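Here the structure is laid out as structure tokens; the discussion comes afterwards.
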Amino acid sequence: MVLASIVGLTLLSIFTLSVSCGRTNKTVIDSDPTDNARRLVYNFLNETENKIIPGLVISVSVRGEQKWLEGFGVANIEHNIPMTGDAMMQIASITKSFTVGLASRLMQEGKLDFDVPIKEYLPFHQDVPDKKWNHKIANVTLRQLLQMTAGIPESPEDDEIGKCLRCANQTDRLILMRDKQLDFEPGTNFTYSNYGYELVGAVIESVLDANKTFDGAMTEMIRNIFNLNKTSMISPEMLIPNIASYYYIQNETNSIVNSGMWGELFLNDLHAAGGIMSTMTDVVTYGQIWLDAYFGRSEHFLQQASVKSAWTPTTVSSLPYGMGFVIQNATADTPNDKHVIWHDGGSFGCSSMLAIYPDTEVIVAASVNMGDRSVRSFILDSNFDDLFANIV
């Protein structure tokens with residue numbers, strides 16, 4: 001990994017540069033909801049534990065129309081470049097929902113069955129030997145992988161990062177899983193697993209037309225089905241306008257460090273689990289596409305039944321994980337328990353969040369260019385859906 005330390009800037013001075021000055025980069029005319037929402041952002045950025053956030057970008061849509069888009073702080077510390085609403089950010093594990101969407105489309109076409117053993121799709125691949133539990137072959141299914149109930153371990157260890165440097169396709173990345181053992185009997189428990197989603201990517205690739213890769217199929221869906229022009233799979237060859245710089249805290253020195261253009265983990269190993277970058281405008285548009293399919297208003301992307309299946313939480317985990325989404329309070333009996341469909345994502349230098357509120361049709365997407373600072377609790381606790389639900 002190429003790292004560039006920021007010489008001569010303390011954490012406090014970085015924070016003062018990017019947040020405390022009160023500069024924002026407005027892209028939507030002020031209104032009462034945005035004034036209140038902006039104050040929530042300032043409060044978040046000024047919390048003691050969050051004083052090390054160079055920049056944040058947030059977008060809110062209501063019933064398919066973007067109502068707020070704004071950047072705060074800086075996209076690049078070294079050159080004092082303002083964060084703007086059109087900044088390109090790593091969305092990391094939000095990518096998993098894209099992978100679910102692609103798999104579900106192939107399922108609707110009859111090319112995938114979520115409930116048959118994945119060895120039927122990868123029968124001869126040496127890097128996916130039969131996994132066993134209690135000395136018996138465990139027939140892991142695609143549904144279990146998507147729900148993270150397959151027992152597949154979580155993520156690469158530090159010494160494994162880069163093992164698949166620029167692998168030609170998704171199936172080649174299975175070298176990462178060759179010696180991995182199951183954590184539990186499939187279908188009996190839950191482990192958040194990037195490896196599991198990489199295996200999903202290989203299964204998807206196995207049923208594509210000859211010479212088509214997972215990345216190629218994902219790109220086609222992003223362009224032709226979602227019509228998202230500022231969303232793409234991460235590639236080291238790309239020239240990307242408005243890309244933010246990404247940072248993390250180096251524990252040894254407690255200083256801010258530039259994580260490099262991508263961060264090795266996402267460049268090399270985790271495409272199906274976390275390989276997409278996007279703008280927050282595209283992310284809320286993407287959320288609306290799921291919501292429209294959920295309500296049966298459009299089947300251009302997925303049939304309603306497929307979305308409802310993805311948005312049904314597993315019963316074997318305290319985390320209400322469906323497929324590519326967390327389904328929070330899906331059967332809430334009290335008005336204060338909001339039904340929200342969400343997923344966050346974190347990388348070496350970026351943290352992102354997508355929250356979909358079906359009851360009000362408010363969608364919120366946010367990202368910060370600091371990998372150590374999650375925006376999940378901030379988004380879920382700030383009640384942006386209440387602020388914007390009745391905006392005209």
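Following the order of the structure tokens, first chain is A, next is B, and so on, with residues numbered from 1 inside each chain and ligands from 1 in the order they appear.
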
(request) Using DSSP on the backbone, list every residue of segment 191-258 of chain A that comes out as strand (DSSP E), and give them as a ChimeraX atom specification. (result) /A:232-233,247-250,255-258

Atoms to include: C-alpha atoms. Write the selected residues as a PDB file, in the first residue's frame.
ATOM      1  CA  SER A 232     -18.523   2.012 -11.426  1.00  0.00           C
ATOM      2  CA  MET A 233     -16.473  -0.958 -10.374  1.00  0.00           C
ATOM      3  CA  TYR A 247      -7.693   8.859   4.893  1.00  0.00           C
ATOM      4  CA  TYR A 248      -7.360   6.823   8.075  1.00  0.00           C
ATOM      5  CA  ILE A 249      -5.760   7.222  11.490  1.00  0.00           C
ATOM      6  CA  GLN A 250      -2.371   5.606  11.960  1.00  0.00           C
ATOM      7  CA  SER A 255      -1.834  10.964  12.782  1.00  0.00           C
ATOM      8  CA  ILE A 256      -3.902  11.178   9.608  1.00  0.00           C
ATOM      9  CA  VAL A 257      -2.565   9.114   6.719  1.00  0.00           C
ATOM     10  CA  ASN A 258      -3.579   9.159   3.059  1.00  0.00           C
TER      11      ASN A 258
END

Quick one: which segment 51-152 of chain A residues come within 12 Å of segment 36-40 of chain A, and what is the nearest atom pair for each with the distance in Å to one decimal, counting only C-alpha atoms, rows ordered by chain and ascending number, as a Markdown table?
| residue | atom | partner | partner_atom | distance |
| --- | --- | --- | --- | --- |
| A:Leu56 | CA | A:Arg38 | CA | 11.4 |
| A:Val57 | CA | A:Arg38 | CA | 11.1 |
| A:Ile58 | CA | A:Arg38 | CA | 9.8 |
| A:Ser59 | CA | A:Ala37 | CA | 10.7 |
| A:Val60 | CA | A:Ala37 | CA | 10.0 |
| A:Lys67 | CA | A:Ala37 | CA | 11.4 |
| A:Trp68 | CA | A:Ala37 | CA | 9.2 |
| A:Leu69 | CA | A:Arg38 | CA | 10.5 |
| A:Glu70 | CA | A:Arg38 | CA | 8.8 |
| A:Gly71 | CA | A:Arg38 | CA | 10.3 |
| A:Phe72 | CA | A:Arg38 | CA | 9.5 |

Output N, CA, C and O atoms of each residue in that selection to a file, as a short mmCIF file (atom, residue, chain, number, x, y, z; two decimals), in the first residue's frame.
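Once everything was written out, this is part28.cif:
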data_model
loop_
_atom_site.label_atom_id
_atom_site.label_comp_id
_atom_site.auth_asym_id
_atom_site.auth_seq_id
_atom_site.Cartn_x
_atom_site.Cartn_y
_atom_site.Cartn_z
N LEU A 56 -17.43 15.32 4.43
CA LEU A 56 -18.66 14.51 4.40
C LEU A 56 -19.53 15.01 3.26
O LEU A 56 -19.61 16.20 3.00
N VAL A 57 -20.20 14.07 2.59
CA VAL A 57 -21.19 14.42 1.58
C VAL A 57 -22.45 13.63 1.88
O VAL A 57 -22.40 12.46 2.27
N ILE A 58 -23.61 14.30 1.72
CA ILE A 58 -24.88 13.66 2.06
C ILE A 58 -25.94 14.03 1.03
O ILE A 58 -25.93 15.14 0.47
N SER A 59 -26.83 13.08 0.75
CA SER A 59 -27.92 13.30 -0.19
C SER A 59 -29.19 12.70 0.39
O SER A 59 -29.16 11.64 1.01
N VAL A 60 -30.32 13.38 0.18
CA VAL A 60 -31.63 12.90 0.62
C VAL A 60 -32.60 13.03 -0.54
O VAL A 60 -32.69 14.09 -1.17
N LYS A 67 -33.87 16.01 -2.71
CA LYS A 67 -34.25 17.22 -2.00
C LYS A 67 -33.07 17.90 -1.33
O LYS A 67 -33.18 19.09 -0.98
N TRP A 68 -31.99 17.19 -1.12
CA TRP A 68 -30.84 17.82 -0.47
C TRP A 68 -29.57 17.11 -0.91
O TRP A 68 -29.52 15.89 -0.94
N LEU A 69 -28.57 17.88 -1.26
CA LEU A 69 -27.26 17.38 -1.62
C LEU A 69 -26.24 18.41 -1.20
O LEU A 69 -26.31 19.56 -1.62
N GLU A 70 -25.30 18.01 -0.36
CA GLU A 70 -24.35 19.00 0.15
C GLU A 70 -23.05 18.34 0.57
O GLU A 70 -23.03 17.21 1.07
N GLY A 71 -21.96 19.06 0.35
CA GLY A 71 -20.66 18.62 0.81
C GLY A 71 -20.17 19.50 1.94
O GLY A 71 -20.44 20.70 1.97
N PHE A 72 -19.46 18.91 2.87
CA PHE A 72 -18.91 19.61 4.03
C PHE A 72 -17.41 19.31 4.12
O PHE A 72 -16.99 18.19 3.87
#

(request) Show which residues sit within 8 Å of Leu182 of chain A, as a PyMOL selection string. Count only C-alpha atoms, and ignore same-chain residues fewer than 4 positions away. (result) chain A and resi 131-133+150-153

(request) Determine, counting only C-alpha atoms, which protein, DNA and RNA residues have an atom within 9 Å of an atom of Gly346 of chain A; residues of the same chain fewer than 6 positions away are not included. Present the result as number ranges by chain. (result) A: 90-94, 274, 352-353, 371-374

(message) With distances taken over only C-alpha atoms, which residue among A:Lys338, A:Met218, A:Gln66, A:Gly110 lies nearest Thr34 of chain A?
(response)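 Of A:Lys338, A:Met218, A:Gln66, A:Gly110, the one nearest Thr34 of chain A is A:Gln66, counting only C-alpha atoms.
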